[in-house]
$ cat query39.cif   # mmCIF, C-alpha atoms and all ligand atoms
data_run
loop_
_atom_site.label_atom_id
_atom_site.label_comp_id
_atom_site.auth_asym_id
_atom_site.auth_seq_id
_atom_site.Cartn_x
_atom_site.Cartn_y
_atom_site.Cartn_z
CA MET A 14 -20.66 14.21 7.30
CA ALA A 15 -21.56 15.49 3.87
CA ASP A 16 -19.70 14.19 0.83
CA LYS A 17 -18.85 17.62 -0.48
CA ARG A 18 -15.96 19.67 0.75
CA PRO A 19 -17.27 23.09 1.87
CA GLU A 20 -15.75 25.89 -0.18
CA GLN A 21 -14.54 27.73 2.91
CA MET A 22 -12.76 24.64 4.30
CA GLN A 23 -9.16 25.57 4.95
CA ARG A 24 -6.42 23.44 3.43
CA ILE A 25 -4.58 21.56 6.21
CA THR A 26 -0.96 22.53 5.70
CA THR A 27 0.51 22.98 9.21
CA PRO A 28 0.77 20.89 12.39
CA GLU A 29 -1.55 23.38 14.14
CA LEU A 30 -4.28 23.00 11.52
CA ALA A 31 -3.80 19.22 11.64
CA GLN A 32 -4.20 19.26 15.43
CA ALA A 33 -7.42 21.26 15.14
CA PHE A 34 -8.73 18.71 12.61
CA ILE A 35 -7.72 15.84 14.91
CA ASP A 36 -9.44 17.38 17.95
CA GLU A 37 -12.61 17.99 16.00
CA GLN A 38 -12.62 14.48 14.53
CA ILE A 39 -12.06 12.89 17.93
CA SER A 40 -15.17 14.51 19.35
CA GLN A 41 -17.22 13.72 16.23
CA LEU A 42 -16.04 10.10 16.22
CA ARG A 43 -16.89 9.71 19.90
CA ALA A 44 -20.35 11.17 19.29
CA GLN A 45 -20.94 8.87 16.30
CA ILE A 46 -19.59 5.66 17.81
CA GLY A 47 -20.58 5.96 21.48
CA ASN A 48 -19.59 2.76 23.24
CA LYS A 49 -19.94 0.51 20.17
CA ARG A 50 -17.17 -1.34 18.32
CA VAL A 51 -15.65 -0.32 14.97
CA LEU A 52 -13.89 -2.52 12.44
CA LEU A 53 -11.13 -1.35 10.08
CA ALA A 54 -9.20 -3.12 7.34
CA LEU A 55 -5.73 -1.76 8.04
CA SER A 56 -3.46 -2.19 5.04
CA GLY A 57 -0.62 -0.09 6.39
CA GLY A 58 -1.02 2.48 3.60
CA VAL A 59 -1.24 6.16 4.50
CA ASP A 60 -5.03 6.45 4.48
CA SER A 61 -5.98 3.43 6.58
CA SER A 62 -3.08 4.10 8.97
CA VAL A 63 -4.26 7.66 9.60
CA VAL A 64 -7.84 6.46 10.14
CA ALA A 65 -6.59 3.80 12.58
CA ALA A 66 -4.50 6.31 14.54
CA LEU A 67 -7.44 8.76 14.73
CA LEU A 68 -9.80 6.05 15.93
CA VAL A 69 -7.36 4.74 18.53
CA LYS A 70 -7.22 8.26 19.95
CA ALA A 71 -11.00 8.63 19.83
CA VAL A 72 -12.30 5.25 20.97
CA GLY A 73 -9.23 3.23 22.02
CA ARG A 74 -9.81 -0.51 22.01
CA GLN A 75 -13.37 -0.22 20.73
CA LEU A 76 -11.55 -0.15 17.38
CA VAL A 77 -10.58 -3.54 15.97
CA CYS A 78 -8.04 -3.38 13.15
CA VAL A 79 -7.68 -6.35 10.83
CA HIS A 80 -4.41 -6.54 8.90
CA VAL A 81 -4.59 -9.11 6.14
CA ASN A 82 -1.20 -10.18 4.82
CA HIS A 83 -1.99 -11.44 1.32
CA GLY A 84 1.58 -12.51 0.74
CA LEU A 85 2.10 -9.68 -1.76
CA LEU A 86 3.23 -6.98 0.67
CA ARG A 87 6.65 -5.39 0.70
CA LYS A 88 9.43 -6.66 2.90
CA GLY A 89 8.97 -5.61 6.52
CA GLU A 90 5.51 -4.11 6.01
CA PRO A 91 3.31 -6.50 8.03
CA GLU A 92 5.86 -6.43 10.86
CA GLN A 93 5.79 -2.63 10.90
CA VAL A 94 1.99 -2.51 11.00
CA VAL A 95 1.95 -4.85 14.02
CA ARG A 96 4.76 -2.95 15.74
CA VAL A 97 3.30 0.52 15.25
CA PHE A 98 -0.36 -0.21 15.91
CA ARG A 99 -0.33 -3.08 18.39
CA ASP A 100 2.89 -2.41 20.29
CA GLU A 101 3.28 1.37 20.13
CA LEU A 102 -0.29 2.69 19.87
CA GLY A 103 -1.87 -0.15 21.86
CA ALA A 104 -4.55 -0.83 19.24
CA GLU A 105 -6.60 -4.01 19.15
CA LEU A 106 -5.15 -5.65 16.04
CA VAL A 107 -5.98 -8.94 14.41
CA TYR A 108 -3.10 -10.02 12.16
CA VAL A 109 -4.01 -12.62 9.58
CA ASP A 110 -1.25 -14.26 7.60
CA ALA A 111 -3.24 -15.45 4.61
CA SER A 112 -0.21 -15.65 2.28
CA ASP A 113 -0.54 -19.35 1.51
CA ARG A 114 -4.22 -19.06 0.82
CA PHE A 115 -3.72 -16.21 -1.70
CA LEU A 116 -0.67 -17.74 -3.37
CA ASP A 117 -2.36 -21.14 -3.71
CA LYS A 118 -5.37 -19.51 -5.38
CA LEU A 119 -3.07 -17.53 -7.70
CA ALA A 120 -0.92 -20.50 -8.72
CA GLY A 121 -0.85 -20.90 -12.48
CA VAL A 122 -3.03 -17.81 -13.12
CA SER A 123 -1.34 -15.54 -15.66
CA ASP A 124 -4.16 -13.23 -16.82
CA PRO A 125 -3.72 -9.85 -15.05
CA GLU A 126 -7.43 -9.19 -14.62
CA LYS A 127 -8.03 -12.70 -13.24
CA LYS A 128 -5.16 -12.19 -10.81
CA ARG A 129 -6.69 -8.90 -9.62
CA LYS A 130 -10.13 -10.47 -9.24
CA ILE A 131 -8.79 -13.39 -7.21
CA ILE A 132 -6.85 -11.05 -4.91
CA GLY A 133 -9.87 -8.73 -4.45
CA LYS A 134 -12.33 -11.55 -3.78
CA GLU A 135 -9.99 -13.43 -1.45
CA PHE A 136 -9.33 -10.23 0.47
CA ILE A 137 -13.04 -9.69 1.08
CA ASP A 138 -13.52 -13.36 2.04
CA VAL A 139 -10.68 -13.28 4.58
CA PHE A 140 -11.84 -9.97 6.01
CA ALA A 141 -15.47 -11.15 6.25
CA GLU A 142 -14.36 -14.35 8.00
CA GLU A 143 -12.47 -12.33 10.59
CA ALA A 144 -15.38 -9.90 11.01
CA ALA A 145 -17.76 -12.82 11.59
CA LYS A 146 -15.62 -13.93 14.55
CA LEU A 147 -16.10 -10.59 16.31
CA ASP A 148 -19.11 -9.67 18.44
CA GLY A 149 -20.90 -6.37 18.64
CA ILE A 150 -19.37 -4.59 15.65
CA GLU A 151 -21.67 -1.83 14.44
CA PHE A 152 -19.35 0.37 12.44
CA LEU A 153 -16.94 -0.10 9.54
CA ALA A 154 -14.19 2.50 9.22
CA GLN A 155 -12.70 3.25 5.81
CA GLY A 156 -9.79 5.33 4.61
CA THR A 157 -11.80 6.99 1.86
CA ILE A 158 -10.24 10.32 0.86
CA TYR A 159 -11.66 13.18 -1.21
CA PRO A 160 -10.18 12.14 -4.58
CA ASP A 161 -11.87 8.72 -4.13
CA ILE A 162 -15.22 10.49 -3.87
CA LEU A 163 -14.46 12.85 -6.76
CA GLU A 164 -13.16 10.13 -9.07
CA SER A 165 -14.97 6.95 -8.37
CA GLY A 166 -17.79 7.27 -5.91
CA PRO A 167 -17.56 6.67 -2.22
CA VAL A 168 -16.11 3.19 -2.07
CA LYS A 169 -12.44 2.42 -2.54
CA SER A 170 -11.56 -0.22 -5.07
CA HIS A 171 -9.18 -3.11 -4.44
CA HIS A 172 -8.89 -2.88 -0.70
CA ASN A 173 -12.55 -2.25 -0.99
CA VAL A 174 -14.54 -3.93 1.71
CA GLY A 175 -17.81 -2.60 0.33
CA GLY A 176 -18.38 -6.08 -1.07
CA LEU A 177 -18.96 -7.71 2.31
CA PRO A 178 -21.78 -10.26 2.46
CA PRO A 179 -25.21 -8.59 2.72
CA GLU A 180 -25.85 -9.91 6.25
CA MET A 181 -22.89 -7.87 7.41
CA HIS A 182 -23.94 -4.31 7.14
CA PHE A 183 -22.22 -1.74 9.18
CA GLU A 184 -22.57 2.01 9.41
CA LEU A 185 -19.60 3.64 7.69
CA VAL A 186 -17.07 5.78 9.54
CA GLU A 187 -14.98 7.86 7.12
CA PRO A 188 -13.13 10.55 9.08
CA ILE A 189 -10.76 11.67 6.30
CA LYS A 190 -13.17 11.63 3.39
CA LEU A 191 -12.94 15.38 2.78
CA LEU A 192 -9.14 15.47 2.80
CA PHE A 193 -6.69 15.51 -0.07
CA LYS A 194 -3.65 13.24 0.11
CA ASP A 195 -1.19 15.94 1.16
CA GLU A 196 -3.52 16.85 4.03
CA VAL A 197 -3.77 13.21 5.11
CA ARG A 198 0.02 13.14 5.37
CA VAL A 199 0.11 16.32 7.50
CA VAL A 200 -2.52 14.81 9.81
CA GLY A 201 -0.61 11.50 9.97
CA ARG A 202 2.53 13.31 11.01
CA ALA A 203 0.65 15.24 13.71
CA LEU A 204 -0.70 11.89 14.97
CA GLY A 205 2.89 10.73 15.43
CA LEU A 206 2.94 8.05 12.73
CA PRO A 207 6.44 7.11 11.50
CA GLU A 208 7.74 9.19 8.61
CA ASN A 209 8.09 6.21 6.26
CA MET A 210 4.42 5.38 6.81
CA VAL A 211 3.27 8.97 6.28
CA GLU A 212 5.42 9.40 3.17
CA ARG A 213 4.62 5.95 1.81
CA GLN A 214 4.49 5.72 -1.97
CA PRO A 215 1.28 4.70 -3.67
CA PHE A 216 1.08 0.91 -3.57
CA PRO A 217 -1.46 -1.02 -5.61
CA GLY A 218 -4.06 -3.13 -3.79
CA PRO A 219 -2.83 -6.29 -5.59
CA GLY A 220 0.60 -5.39 -4.25
CA LEU A 221 3.70 -7.10 -5.57
CA GLY A 222 1.38 -9.36 -7.59
CA VAL A 223 1.35 -6.79 -10.43
CA ARG A 224 5.16 -6.63 -10.31
CA CYS A 225 5.51 -10.36 -10.80
CA PRO A 226 3.93 -10.43 -14.27
CA GLY A 227 2.22 -13.61 -15.43
CA ALA A 228 1.70 -16.57 -13.12
CA ILE A 229 3.18 -15.78 -9.70
CA THR A 230 5.68 -18.25 -8.31
CA ARG A 231 6.99 -17.99 -4.77
CA ASP A 232 10.63 -17.81 -5.81
CA ARG A 233 10.10 -15.05 -8.38
CA LEU A 234 7.90 -13.17 -5.89
CA GLU A 235 10.74 -13.34 -3.37
CA ALA A 236 13.07 -11.87 -6.01
CA VAL A 237 10.59 -8.97 -6.42
CA ARG A 238 10.33 -8.46 -2.65
CA GLU A 239 14.08 -8.58 -1.99
CA SER A 240 15.05 -6.37 -4.92
CA ASP A 241 12.34 -3.84 -3.93
CA ALA A 242 13.74 -3.73 -0.39
CA ILE A 243 17.24 -3.02 -1.73
CA LEU A 244 15.92 -0.33 -4.08
CA ARG A 245 14.02 1.40 -1.26
CA GLU A 246 17.00 1.22 1.08
CA GLU A 247 19.38 2.69 -1.51
CA PHE A 248 16.92 5.42 -2.52
CA ALA A 249 16.57 6.36 1.15
CA ASN A 250 20.37 6.39 1.58
CA ALA A 251 20.64 8.66 -1.45
CA GLY A 252 18.06 11.09 0.04
CA LEU A 253 15.46 10.29 -2.60
CA GLU A 254 12.75 8.95 -0.27
CA GLY A 255 9.70 11.20 -0.46
CA LYS A 256 11.24 13.00 -3.47
CA VAL A 257 10.62 10.46 -6.22
CA TRP A 258 6.91 9.73 -6.58
CA GLN A 259 7.05 5.98 -7.06
CA TYR A 260 9.86 3.47 -7.48
CA PHE A 261 9.86 -0.28 -7.47
CA THR A 262 11.22 -3.37 -9.14
CA VAL A 263 9.62 -5.89 -11.48
CA VAL A 264 10.82 -9.42 -12.18
CA PRO A 265 9.46 -10.59 -15.56
CA ASP A 266 8.75 -14.21 -16.31
CA PHE A 267 11.75 -14.98 -18.49
CA LYS A 268 15.34 -15.99 -17.97
CA SER A 269 18.52 -15.17 -19.82
CA THR A 270 22.05 -16.45 -19.82
CA GLY A 271 24.67 -15.05 -17.52
CA VAL A 272 27.90 -16.13 -15.93
CA LYS A 273 28.42 -16.54 -12.20
CA ASP A 274 31.45 -17.96 -10.36
CA GLY A 275 32.90 -19.10 -13.69
CA LYS A 276 29.75 -21.03 -14.60
CA ARG A 277 26.89 -20.25 -16.93
CA SER A 278 23.73 -19.12 -15.18
CA PHE A 279 20.19 -18.96 -16.46
CA ASP A 280 18.32 -16.46 -14.32
CA TRP A 281 15.77 -13.61 -14.24
CA PRO A 282 16.37 -9.93 -14.87
CA VAL A 283 15.24 -7.32 -12.34
CA ILE A 284 13.71 -4.21 -13.91
CA ILE A 285 13.96 -0.90 -12.03
CA ARG A 286 11.11 1.58 -12.47
CA ALA A 287 11.22 5.07 -10.94
CA VAL A 288 8.72 7.72 -12.02
CA ASN A 289 7.39 11.14 -11.18
CA THR A 290 3.86 12.31 -11.78
CA ARG A 291 1.18 14.60 -10.37
CA ASP A 292 -1.91 12.51 -10.95
CA ALA A 293 -0.64 9.13 -12.23
CA MET A 294 -2.29 9.78 -15.62
CA THR A 295 1.06 10.69 -17.17
CA ALA A 296 4.52 10.08 -15.73
CA THR A 297 8.12 10.93 -16.46
CA VAL A 298 11.12 8.79 -15.66
CA GLU A 299 13.35 9.78 -12.75
CA GLU A 300 16.95 10.26 -13.86
CA ILE A 301 18.65 8.00 -11.35
CA PRO A 302 22.29 9.05 -10.81
CA TYR A 303 24.69 6.62 -12.47
CA ASP A 304 26.55 5.88 -9.22
CA LEU A 305 23.33 4.84 -7.58
CA LEU A 306 22.43 2.65 -10.55
CA ARG A 307 25.82 0.95 -10.35
CA LYS A 308 25.34 0.27 -6.65
CA LEU A 309 21.87 -1.13 -7.29
CA VAL A 310 23.21 -3.48 -9.95
CA ALA A 311 25.95 -4.71 -7.62
CA ARG A 312 23.67 -5.28 -4.65
CA ILE A 313 20.73 -6.80 -6.51
CA THR A 314 22.84 -9.24 -8.52
CA SER A 315 24.82 -10.35 -5.48
CA GLU A 316 22.04 -10.40 -2.85
CA VAL A 317 18.93 -11.58 -4.69
CA PRO A 318 18.86 -15.28 -5.56
CA GLY A 319 17.95 -16.19 -9.13
CA VAL A 320 18.89 -12.86 -10.72
CA ASN A 321 21.69 -12.21 -13.21
CA ARG A 322 20.76 -8.88 -14.83
CA VAL A 323 19.42 -5.47 -13.82
CA LEU A 324 17.57 -3.31 -16.35
CA TYR A 325 16.36 0.29 -16.07
CA ASP A 326 13.01 1.14 -17.64
CA LEU A 327 13.31 4.49 -19.44
CA THR A 328 9.77 4.60 -20.80
CA PRO A 329 7.43 7.44 -19.82
CA LYS A 330 3.63 7.11 -19.44
CA PRO A 331 2.23 7.17 -22.05
CA LEU A 332 3.34 4.92 -23.81
CA ALA A 333 3.98 2.54 -20.92
CA THR A 334 1.84 2.43 -17.79
CA ILE A 335 3.55 2.86 -14.44
CA GLU A 336 2.93 -0.73 -13.32
CA TYR A 337 3.53 -3.77 -15.54
CA GLU A 338 0.05 -5.29 -15.31
P1 LIG B 401 -0.67 2.59 -14.01
O1 LIG B 401 0.06 1.28 -13.98
O2 LIG B 401 -2.09 2.42 -14.49
O3 LIG B 401 -0.77 3.04 -12.49
O4 LIG B 401 0.06 3.66 -14.75
C1 LIG B 401 -1.20 4.30 -12.06
C2 LIG B 401 -1.12 4.33 -10.53
O5 LIG B 401 -2.12 3.45 -9.98
C3 LIG B 401 -1.51 2.45 -9.18
N1 LIG B 401 -2.18 1.18 -9.47
C4 LIG B 401 -3.07 0.58 -8.68
N2 LIG B 401 -3.54 0.93 -7.48
N3 LIG B 401 -4.85 -1.02 -7.47
C5 LIG B 401 -4.45 0.11 -6.86
O6 LIG B 401 -4.88 0.38 -5.74
C6 LIG B 401 -4.42 -1.44 -8.68
O7 LIG B 401 -4.81 -2.48 -9.19
C7 LIG B 401 -3.49 -0.57 -9.32
N4 LIG B 401 -2.86 -0.65 -10.50
C8 LIG B 401 -2.06 0.45 -10.58
C9 LIG B 401 -0.06 2.40 -9.60
O8 LIG B 401 0.79 1.90 -8.57
C10 LIG B 401 0.21 3.84 -9.97
O9 LIG B 401 0.53 4.59 -8.83
#
$ encode --input "query39.cif" --output "structure tokens"
Amino acid sequence: MADKRPEQMQRITTPELAQAFIDEQISQLRAQIGNKRVLLALSGGVDSSVVAALLVKAVGRQLVCVHVNHGLLRKGEPEQVVRVFRDELGAELVYVDASDRFLDKLAGVSDPEKKRKIIGKEFIDVFAEEAAKLDGIEFLAQGTIYPDILESGPVKSHHNVGGLPPEMHFELVEPIKLLFKDEVRVVGRALGLPENMVERQPFPGPGLGVRCPGAITRDRLEAVRESDAILREEFANAGLEGKVWQYFTVVPDFKSTGVKDGKRSFDWPVIIRAVNTRDAMTATVEEIPYDLLRKLVARITSEVPGVNRVLYDLTPKPLATIEYE
């Protein structure tokens, strides 16, 4: 497939157009792959999930998905990937819980770029180790989408598996590389993927690691994960899921005094960030209704261990970036 979107290519906006795309891709994928095996790093994000679902339809268990849990995923995410792809779609899925390995490597590392490098390198190492255990793989599937090609060349950064050792070279399979994000979501829905997977917010490759600024500790990371889960649940209850572009929590590496059960506490704050943007280059702050904020404060301070304050970040981008690292 060429890397340039033909000018006459129709925008995929309806289930019918998505179905036509799916049918065409299935026959193309079958022709490309034949009876060989294909490997895919399945993060559980929209793009890799749609590629996995397309390939399961096209070549069934000739596809091997590898889901690497780097310990920095959101609450419930690895479980959902296993449930949807292994149990519901019947995909061949290798689940690797590499949390300890990543967190041990990250211990004591506070520089954001070093953290990113460690996560990226470790991800490739774990993926390559799993790939080496498999026989007869000739293809590597990737969830490259059109903006990746337009902006940064053909290979995705971060969850990028383009850095595999040179002895492992596979032919690339990139079935959604001419699609824009909104089209990928329409196709995902037509493939029957769950709504929360199709509407998933952008999530950085280094995951919750960039929301646990400075050196990551397991307890502070748990505070990020638990507070994020509460925020997502309450946003969904308030009908804001899929309406606000990106929302998450951050737990900075400092403590302040509070009072809990009549005693002084010395605990972390949780920062709430909720932004809207078109292209992530600039962003405005979502005006969270006060009732919802109050509920978030009550739940986070009572349910998340080690937290005694909740703060709301009102800073647009620029000046602040969306993430904290
Ligand atoms: P910033 O923080 O630069 O983020 O305003 C802009 C958008 O990019 C996402 N982001 C990342 N995505 N790897 C990714 O795959 C990263 O290291 C990374 N850092 C930021 C961020 O979530 C936001 O949507």
$ residues_near_ligand --input "query39.cif" --ligand "ligand LIG 401 (chain B)" --cutoff "10 Å" --atoms "only C-alpha atoms and all ligand atoms" --output "CSV table (one decimal) with C-alpha atoms, in the coordinates of the input"
chain,number,residue,atom,x,y,z
A,125,PRO,CA,-3.7,-9.8,-15.0
A,126,GLU,CA,-7.4,-9.2,-14.6
A,128,LYS,CA,-5.2,-12.2,-10.8
A,129,ARG,CA,-6.7,-8.9,-9.6
A,130,LYS,CA,-10.1,-10.5,-9.2
A,132,ILE,CA,-6.8,-11.0,-4.9
A,133,GLY,CA,-9.9,-8.7,-4.4
A,169,LYS,CA,-12.4,2.4,-2.5
A,170,SER,CA,-11.6,-0.2,-5.1
A,171,HIS,CA,-9.2,-3.1,-4.4
A,172,HIS,CA,-8.9,-2.9,-0.7
A,173,ASN,CA,-12.6,-2.2,-1.0
A,214,GLN,CA,4.5,5.7,-2.0
A,215,PRO,CA,1.3,4.7,-3.7
A,216,PHE,CA,1.1,0.9,-3.6
A,217,PRO,CA,-1.5,-1.0,-5.6
A,218,GLY,CA,-4.1,-3.1,-3.8
A,219,PRO,CA,-2.8,-6.3,-5.6
A,220,GLY,CA,0.6,-5.4,-4.2
A,221,LEU,CA,3.7,-7.1,-5.6
A,222,GLY,CA,1.4,-9.4,-7.6
A,223,VAL,CA,1.4,-6.8,-10.4
A,224,ARG,CA,5.2,-6.6,-10.3
A,258,TRP,CA,6.9,9.7,-6.6
A,259,GLN,CA,7.0,6.0,-7.1
A,260,TYR,CA,9.9,3.5,-7.5
A,261,PHE,CA,9.9,-0.3,-7.5
A,288,VAL,CA,8.7,7.7,-12.0
A,289,ASN,CA,7.4,11.1,-11.2
A,290,THR,CA,3.9,12.3,-11.8
A,292,ASP,CA,-1.9,12.5,-11.0
A,293,ALA,CA,-0.6,9.1,-12.2
A,294,MET,CA,-2.3,9.8,-15.6
A,295,THR,CA,1.1,10.7,-17.2
A,296,ALA,CA,4.5,10.1,-15.7
A,329,PRO,CA,7.4,7.4,-19.8
A,330,LYS,CA,3.6,7.1,-19.4
A,331,PRO,CA,2.2,7.2,-22.0
A,332,LEU,CA,3.3,4.9,-23.8
A,333,ALA,CA,4.0,2.5,-20.9
A,334,THR,CA,1.8,2.4,-17.8
A,335,ILE,CA,3.6,2.9,-14.4
A,336,GLU,CA,2.9,-0.7,-13.3
A,337,TYR,CA,3.5,-3.8,-15.5
A,338,GLU,CA,0.0,-5.3,-15.3
$ closest_residue --input "query39.cif" --among "A:Leu192, A:Leu305, A:Ala228, A:Leu234" --to "A:Glu246" --atoms "all atoms listed in the file"
A:Leu305
$ residues_near_point --input "query39.cif" --point "(-14.4, 10.9, -3.9)" --cutoff "12 Å" --atoms "only C-alpha atoms" --output "short mmCIF file (atom, residue, chain, number, x, y, z; two decimals) with C-alpha atoms, keeping the file's coordinate frame"
data_model
loop_
_atom_site.label_atom_id
_atom_site.label_comp_id
_atom_site.auth_asym_id
_atom_site.auth_seq_id
_atom_site.Cartn_x
_atom_site.Cartn_y
_atom_site.Cartn_z
CA ALA A 15 -21.56 15.49 3.87
CA ASP A 16 -19.70 14.19 0.83
CA LYS A 17 -18.85 17.62 -0.48
CA ARG A 18 -15.96 19.67 0.75
CA GLY A 156 -9.79 5.33 4.61
CA THR A 157 -11.80 6.99 1.86
CA ILE A 158 -10.24 10.32 0.86
CA TYR A 159 -11.66 13.18 -1.21
CA PRO A 160 -10.18 12.14 -4.58
CA ASP A 161 -11.87 8.72 -4.13
CA ILE A 162 -15.22 10.49 -3.87
CA LEU A 163 -14.46 12.85 -6.76
CA GLU A 164 -13.16 10.13 -9.07
CA SER A 165 -14.97 6.95 -8.37
CA GLY A 166 -17.79 7.27 -5.91
CA PRO A 167 -17.56 6.67 -2.22
CA VAL A 168 -16.11 3.19 -2.07
CA LYS A 169 -12.44 2.42 -2.54
CA SER A 170 -11.56 -0.22 -5.07
CA GLU A 187 -14.98 7.86 7.12
CA ILE A 189 -10.76 11.67 6.30
CA LYS A 190 -13.17 11.63 3.39
CA LEU A 191 -12.94 15.38 2.78
CA LEU A 192 -9.14 15.47 2.80
CA PHE A 193 -6.69 15.51 -0.07
CA LYS A 194 -3.65 13.24 0.11
#
$ atom_distance --input "query39.cif" --atom1 "atom CA of A:Gln45" --atom2 "atom CA of A:Gly73"
14.2 Å
$ closest_residue --input "query39.cif" --among "A:Ala287, A:Val94, A:Ala154, A:Ala236" --to "A:Leu253" --atoms "only C-alpha atoms"
A:Ala287
$ closest_residue --input "query39.cif" --among "A:Val257, A:Gln93, A:His83, A:Lys127" --to "A:Arg114" --atoms "only C-alpha atoms"
A:His83
$ closest_residue --input "query39.cif" --among "A:Val320, A:Val69, A:Met22, A:Val310" --to "A:Lys268" --atoms "all atoms listed in the file"
A:Val320
$ residues_near_point --input "query39.cif" --point "(-18.6, 5.0, 21.5)" --cutoff "12 Å" --atoms "all atoms listed in the file" --output "list of chain:residue names"
A:Ile39, A:Ser40, A:Gln41, A:Leu42, A:Arg43, A:Ala44, A:Gln45, A:Ile46, A:Gly47, A:Asn48, A:Lys49, A:Arg50, A:Val51, A:Leu68, A:Val69, A:Lys70, A:Ala71, A:Val72, A:Gly73, A:Arg74, A:Gln75, A:Leu76, A:Gly149, A:Ile150, A:Glu151, A:Phe152
$ atom_distance --input "query39.cif" --atom1 "atom CA of A:Ala66" --atom2 "atom CA of A:Arg87"
21.3 Å
$ residues_around --input "query39.cif" --residues "stretch 316-319 of chain A" --least-positions-apart "3" --cutoff "7 Å" --atoms "all atoms listed in the file" --output "count of residues only"
7
$ residues_around --input "query39.cif" --residues "A:Met181" --least-positions-apart "2" --cutoff "12 Å" --atoms "only C-alpha atoms" --output "list in words"
Leu52, Ile137, Phe140, Ala141, Glu142, Glu143, Ala144, Ala145, Lys146, Leu147, Asp148, Gly149, Ile150, Glu151, Phe152, Leu153, Val174, Gly175, Gly176, Leu177, Pro178, Pro179, Phe183, Glu184 and Leu185 of chain A
$ closest_residue --input "query39.cif" --among "A:Leu327, A:Ala251, A:Val197, A:Ala120" --to "A:Pro302" --atoms "only C-alpha atoms"
A:Ala251
$ closest_residue --input "query39.cif" --among "A:Val59, A:Ala242, A:Ile25, A:Leu116" --to "A:Asn82" --atoms "all atoms listed in the file"
A:Leu116
$ atom_distance --input "query39.cif" --atom1 "atom CA of A:Ser56" --atom2 "atom CA of A:Asp117"
20.9 Å
$ residues_around --input "query39.cif" --residues "A:Arg198" --least-positions-apart "5" --cutoff "12 Å" --atoms "only C-alpha atoms" --output "compact mmCIF listing (two decimals) with C-alpha atoms, keeping the file's coordinate frame"
# COMPACT_ATOMS: atom_id res chain seq x y z
CA ILE A 25 -4.58 21.56 6.21
CA THR A 26 -0.96 22.53 5.70
CA THR A 27 0.51 22.98 9.21
CA PRO A 28 0.77 20.89 12.39
CA ALA A 31 -3.80 19.22 11.64
CA GLY A 58 -1.02 2.48 3.60
CA VAL A 59 -1.24 6.16 4.50
CA ASP A 60 -5.03 6.45 4.48
CA SER A 61 -5.98 3.43 6.58
CA SER A 62 -3.08 4.10 8.97
CA VAL A 63 -4.26 7.66 9.60
CA VAL A 64 -7.84 6.46 10.14
CA ILE A 158 -10.24 10.32 0.86
CA ILE A 189 -10.76 11.67 6.30
CA LEU A 192 -9.14 15.47 2.80
CA PHE A 193 -6.69 15.51 -0.07
CA ALA A 203 0.65 15.24 13.71
CA LEU A 204 -0.70 11.89 14.97
CA GLY A 205 2.89 10.73 15.43
CA LEU A 206 2.94 8.05 12.73
CA PRO A 207 6.44 7.11 11.50
CA GLU A 208 7.74 9.19 8.61
CA ASN A 209 8.09 6.21 6.26
CA MET A 210 4.42 5.38 6.81
CA VAL A 211 3.27 8.97 6.28
CA GLU A 212 5.42 9.40 3.17
CA ARG A 213 4.62 5.95 1.81
CA GLN A 214 4.49 5.72 -1.97
CA GLY A 255 9.70 11.20 -0.46
